[in-house]
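The structure under discussion appears below in the form of structure tokens.
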Amino acid sequence: MGQPELYERFRAMHAAPGAFIMPNAWDGASALLLKREGFLALGSTSVAIAFALGRPDGAHAVSRAEAIDNAALLTRLTDLPVNGDLEDGFGPSPEDCVATVEAAIAHDLAGLGIEDTTADPSHPIHDFDDAVARIRAAAQAAKGRILLTGRTDNYLNGRPDLDDTIRRLTAFAEAGADVLFAPGLPDMASIEAVVRAVAPKPVNVVVGPGVDLATLAAAGVKRVSIGGSLYRAAMTGVVEAARALAKGDIPGGTRGIATREIAALLPSA
């Protein structure tokens, strides 16, 4: 299936009633297993890509090409719409964000997210006007071709300011972002305030503050992503198995999904 068809499928999911979960995969096997379990769209996850490569997340340690190639792999293997977690657009300028949009389209992604982060710990969030200009340029490039999520990471960077978060998301919506996202919102009241502020545009939340999909849907959330949660769950399995092995418990350290079960999902050579 070509990129335009994947984009239209993804866009239609956001226009349909109710909410949906978009789990985040990080390699071919995880993507195929999630497809097998019935998910209709996937996200990539920057933290899992970075950690799998032995690099820090959110520090420009993973290149645009590496991140997009990873998301393209998920698309190619599953033929599902994939939303690329493409961090800050891989550069500070609006032109960098446009280049990321164009590369995502060229590699068959159905959607992408661009954050207002800077990868500079001393100044982690772009100033308001710069953040909006970056989303506006990305939205102009994306319009009618790929679904753009405008994201502010205030809450992940020691800036728990709901008013500024809403100000940014509202401005991103007005600048043309298709979906709005502020990871780390602390409670349902904050989520509901964001949904009201940007309506009728859809809102993504990550995991949610200890609530289920029905509760988030009732609050007006459209899409729930998982971030690095599944990757961390997989790494938890590694730790638990390693601890069993360290105690000499070979059976306890070698349980898991059968190799043939994963192999059966892979395309033939």
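Naming works like this for the structure tokens: A, B, ... for the chains as they're shown, residue 1 at the start of each chain, ligands 1 onward in shown order.
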* Asked: If you count only C-alpha atoms, which residues fall within 8 Å of Asp79 (chain A), apart from same-chain ones fewer than 4 positions away, as a PyMOL selection string?
  -> chain A and resi 1+74-75
For the selection you just gave me, I'd like the residues written to a file as a tab-separated table (two decimals), in the first residue's frame, keeping N, CA, C and O atoms.
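Written out: result-v7.tsv:
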```tsv
chain	number	residue	atom	x	y	z
A	1	MET	N	0.84	-1.20	0.00
A	1	MET	CA	0.00	0.00	0.00
A	1	MET	C	0.88	1.24	0.00
A	1	MET	O	1.87	1.30	0.71
A	74	LEU	N	8.92	-0.40	10.08
A	74	LEU	CA	7.65	-0.81	10.67
A	74	LEU	C	6.53	-0.76	9.63
A	74	LEU	O	5.68	-1.66	9.58
A	75	THR	N	6.53	0.26	8.81
A	75	THR	CA	5.54	0.39	7.75
A	75	THR	C	5.67	-0.73	6.74
A	75	THR	O	4.68	-1.38	6.36
```
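You can rank A:Leu109, A:Ala233, A:Ala72, A:Ile21 by their closest distance to Val207 (chain A) using only C-alpha atoms, and at the top of that list sits A:Ile21.
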* To do: Tell me, in Å to one decimal, how far CA of Thr215 (chain A) is from CA of Pro160 (chain A).
  =>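 Value for the CA of Thr215 (chain A)-CA of Pro160 (chain A) distance: 22.9 Å.
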Counting only C-alpha atoms, which residues in region 77-186 of chain A sit no more than 6 Å from region 2-9 of chain A? For each one, give the nearest pair of atoms and the distance in Å, sorted by chain then residue number, as a tab-separated table.
```
residue	atom	partner	partner_atom	distance
A:Pro81	CA	A:Leu6	CA	5.1
A:Asp108	CA	A:Gln3	CA	4.4
A:Ala110	CA	A:Tyr7	CA	4.3
A:Ile146	CA	A:Tyr7	CA	5.7
```
* Asked: Got a sec to tell me which of region 75-213 of chain A DSSP assigns to helix (DSSP H, G or I), as JSON, numbers by chain?
  -> {"A": [75, 76, 77, 78, 94, 95, 96, 97, 98, 99, 100, 101, 102, 103, 104, 105, 106, 128, 129, 130, 131, 132, 133, 134, 135, 136, 137, 138, 139, 140, 141, 142, 154, 155, 156, 157, 162, 163, 164, 165, 166, 167, 168, 169, 170, 171, 172, 173, 174, 175, 188, 189, 190, 191, 192, 193, 194, 195, 196, 197, 198, 213]}
* Asked: Hey, which of A:Val179, A:Leu53, A:Ala71, A:Leu245 ends up closest to Gly150 (chain A)? Count only C-alpha atoms.
  -> A:Val179
* Test item: residues at most 12 Å from Glu174 (chain A), only C-alpha atoms, excluding those fewer than 6 positions along its chain, as an MDAnalysis selection string -> chainID A and resid 132:133 135:136 139:140 150 167:168 180 197:201
Using the selection just defined, write its residues with all heavy atoms as a compact mmCIF listing (two decimals), in the first residue's frame.
```txt
# COMPACT_ATOMS: atom_id res chain seq x y z
N VAL A 132 6.14 27.96 17.43
CA VAL A 132 4.99 28.07 16.52
C VAL A 132 5.45 28.15 15.07
O VAL A 132 4.85 27.53 14.18
CB VAL A 132 4.12 29.27 16.91
CG1 VAL A 132 3.00 29.47 15.89
CG2 VAL A 132 3.55 29.10 18.31
N ALA A 133 6.50 28.90 14.81
CA ALA A 133 7.01 29.02 13.43
C ALA A 133 7.43 27.66 12.89
O ALA A 133 7.23 27.37 11.70
CB ALA A 133 8.17 30.01 13.40
N ILE A 135 6.23 24.66 13.76
CA ILE A 135 5.04 23.87 13.46
C ILE A 135 4.32 24.41 12.23
O ILE A 135 3.82 23.65 11.39
CB ILE A 135 4.10 23.83 14.68
CG1 ILE A 135 4.75 23.04 15.82
CG2 ILE A 135 2.75 23.23 14.30
CD1 ILE A 135 4.99 21.57 15.53
N ARG A 136 4.28 25.73 12.09
CA ARG A 136 3.61 26.31 10.92
C ARG A 136 4.29 25.86 9.63
O ARG A 136 3.61 25.46 8.66
CB ARG A 136 3.60 27.84 11.01
CG ARG A 136 2.90 28.50 9.81
CD ARG A 136 2.86 30.00 9.94
NE ARG A 136 2.02 30.42 11.06
CZ ARG A 136 2.48 30.97 12.18
NH1 ARG A 136 3.79 31.18 12.34
NH2 ARG A 136 1.66 31.30 13.15
N ALA A 139 3.52 22.19 9.06
CA ALA A 139 2.13 21.99 8.67
C ALA A 139 1.90 22.36 7.21
O ALA A 139 1.12 21.69 6.51
CB ALA A 139 1.21 22.80 9.58
N GLN A 140 2.55 23.41 6.75
CA GLN A 140 2.40 23.79 5.35
C GLN A 140 2.95 22.69 4.44
O GLN A 140 2.36 22.39 3.39
CB GLN A 140 3.11 25.11 5.10
CG GLN A 140 2.41 26.29 5.74
CD GLN A 140 3.22 27.58 5.69
OE1 GLN A 140 4.40 27.58 5.31
NE2 GLN A 140 2.61 28.68 6.08
N GLY A 150 1.50 18.19 16.54
CA GLY A 150 2.26 19.25 17.21
C GLY A 150 2.32 18.95 18.69
O GLY A 150 1.30 18.76 19.34
N ARG A 167 -1.53 27.24 25.74
CA ARG A 167 -1.21 28.33 24.80
C ARG A 167 -0.45 27.79 23.60
O ARG A 167 -0.75 28.13 22.44
CB ARG A 167 -0.40 29.40 25.51
CG ARG A 167 0.02 30.58 24.64
CD ARG A 167 0.90 31.53 25.42
NE ARG A 167 1.33 32.67 24.61
CZ ARG A 167 2.56 33.16 24.61
NH1 ARG A 167 3.51 32.62 25.38
NH2 ARG A 167 2.87 34.19 23.85
N ARG A 168 0.52 26.95 23.85
CA ARG A 168 1.31 26.38 22.76
C ARG A 168 0.47 25.46 21.88
O ARG A 168 0.51 25.55 20.65
CB ARG A 168 2.52 25.63 23.33
CG ARG A 168 3.61 26.55 23.84
CD ARG A 168 4.70 25.82 24.61
NE ARG A 168 5.71 26.76 25.08
CZ ARG A 168 6.86 27.00 24.46
NH1 ARG A 168 7.18 26.33 23.37
NH2 ARG A 168 7.70 27.90 24.93
N LEU A 180 -2.84 17.24 18.46
CA LEU A 180 -2.11 17.95 19.50
C LEU A 180 -1.75 16.98 20.62
O LEU A 180 -2.52 16.06 20.93
CB LEU A 180 -2.94 19.11 20.05
CG LEU A 180 -3.14 20.31 19.11
CD1 LEU A 180 -1.83 20.77 18.46
CD2 LEU A 180 -4.18 20.02 18.02
N ALA A 197 -9.56 23.08 24.84
CA ALA A 197 -8.86 24.22 24.26
C ALA A 197 -8.62 24.07 22.77
O ALA A 197 -8.65 25.06 22.04
CB ALA A 197 -7.53 24.44 24.99
N VAL A 198 -8.36 22.85 22.31
CA VAL A 198 -7.99 22.66 20.91
C VAL A 198 -9.11 22.07 20.07
O VAL A 198 -8.94 21.87 18.86
CB VAL A 198 -6.72 21.80 20.77
CG1 VAL A 198 -5.56 22.41 21.53
CG2 VAL A 198 -6.97 20.36 21.22
N ALA A 199 -10.26 21.78 20.68
CA ALA A 199 -11.39 21.21 19.95
C ALA A 199 -11.72 22.07 18.73
O ALA A 199 -11.62 23.30 18.80
CB ALA A 199 -12.60 21.10 20.87
N PRO A 200 -12.07 21.43 17.62
CA PRO A 200 -12.38 20.00 17.44
C PRO A 200 -11.19 19.14 17.01
O PRO A 200 -11.40 17.99 16.61
CB PRO A 200 -13.43 20.03 16.32
CG PRO A 200 -12.97 21.17 15.45
CD PRO A 200 -12.41 22.21 16.41
N LYS A 201 -9.99 19.66 17.07
CA LYS A 201 -8.86 18.85 16.64
C LYS A 201 -8.57 17.75 17.64
O LYS A 201 -8.76 17.92 18.85
CB LYS A 201 -7.62 19.73 16.42
CG LYS A 201 -7.79 20.67 15.24
CD LYS A 201 -6.48 21.16 14.69
CE LYS A 201 -6.70 21.96 13.40
NZ LYS A 201 -5.42 22.42 12.81
```
* To do: Tell me, in Å to one decimal, how far CA of Pro23 (chain A) is from CA of Phe172 (chain A).
  => 23.8 Å
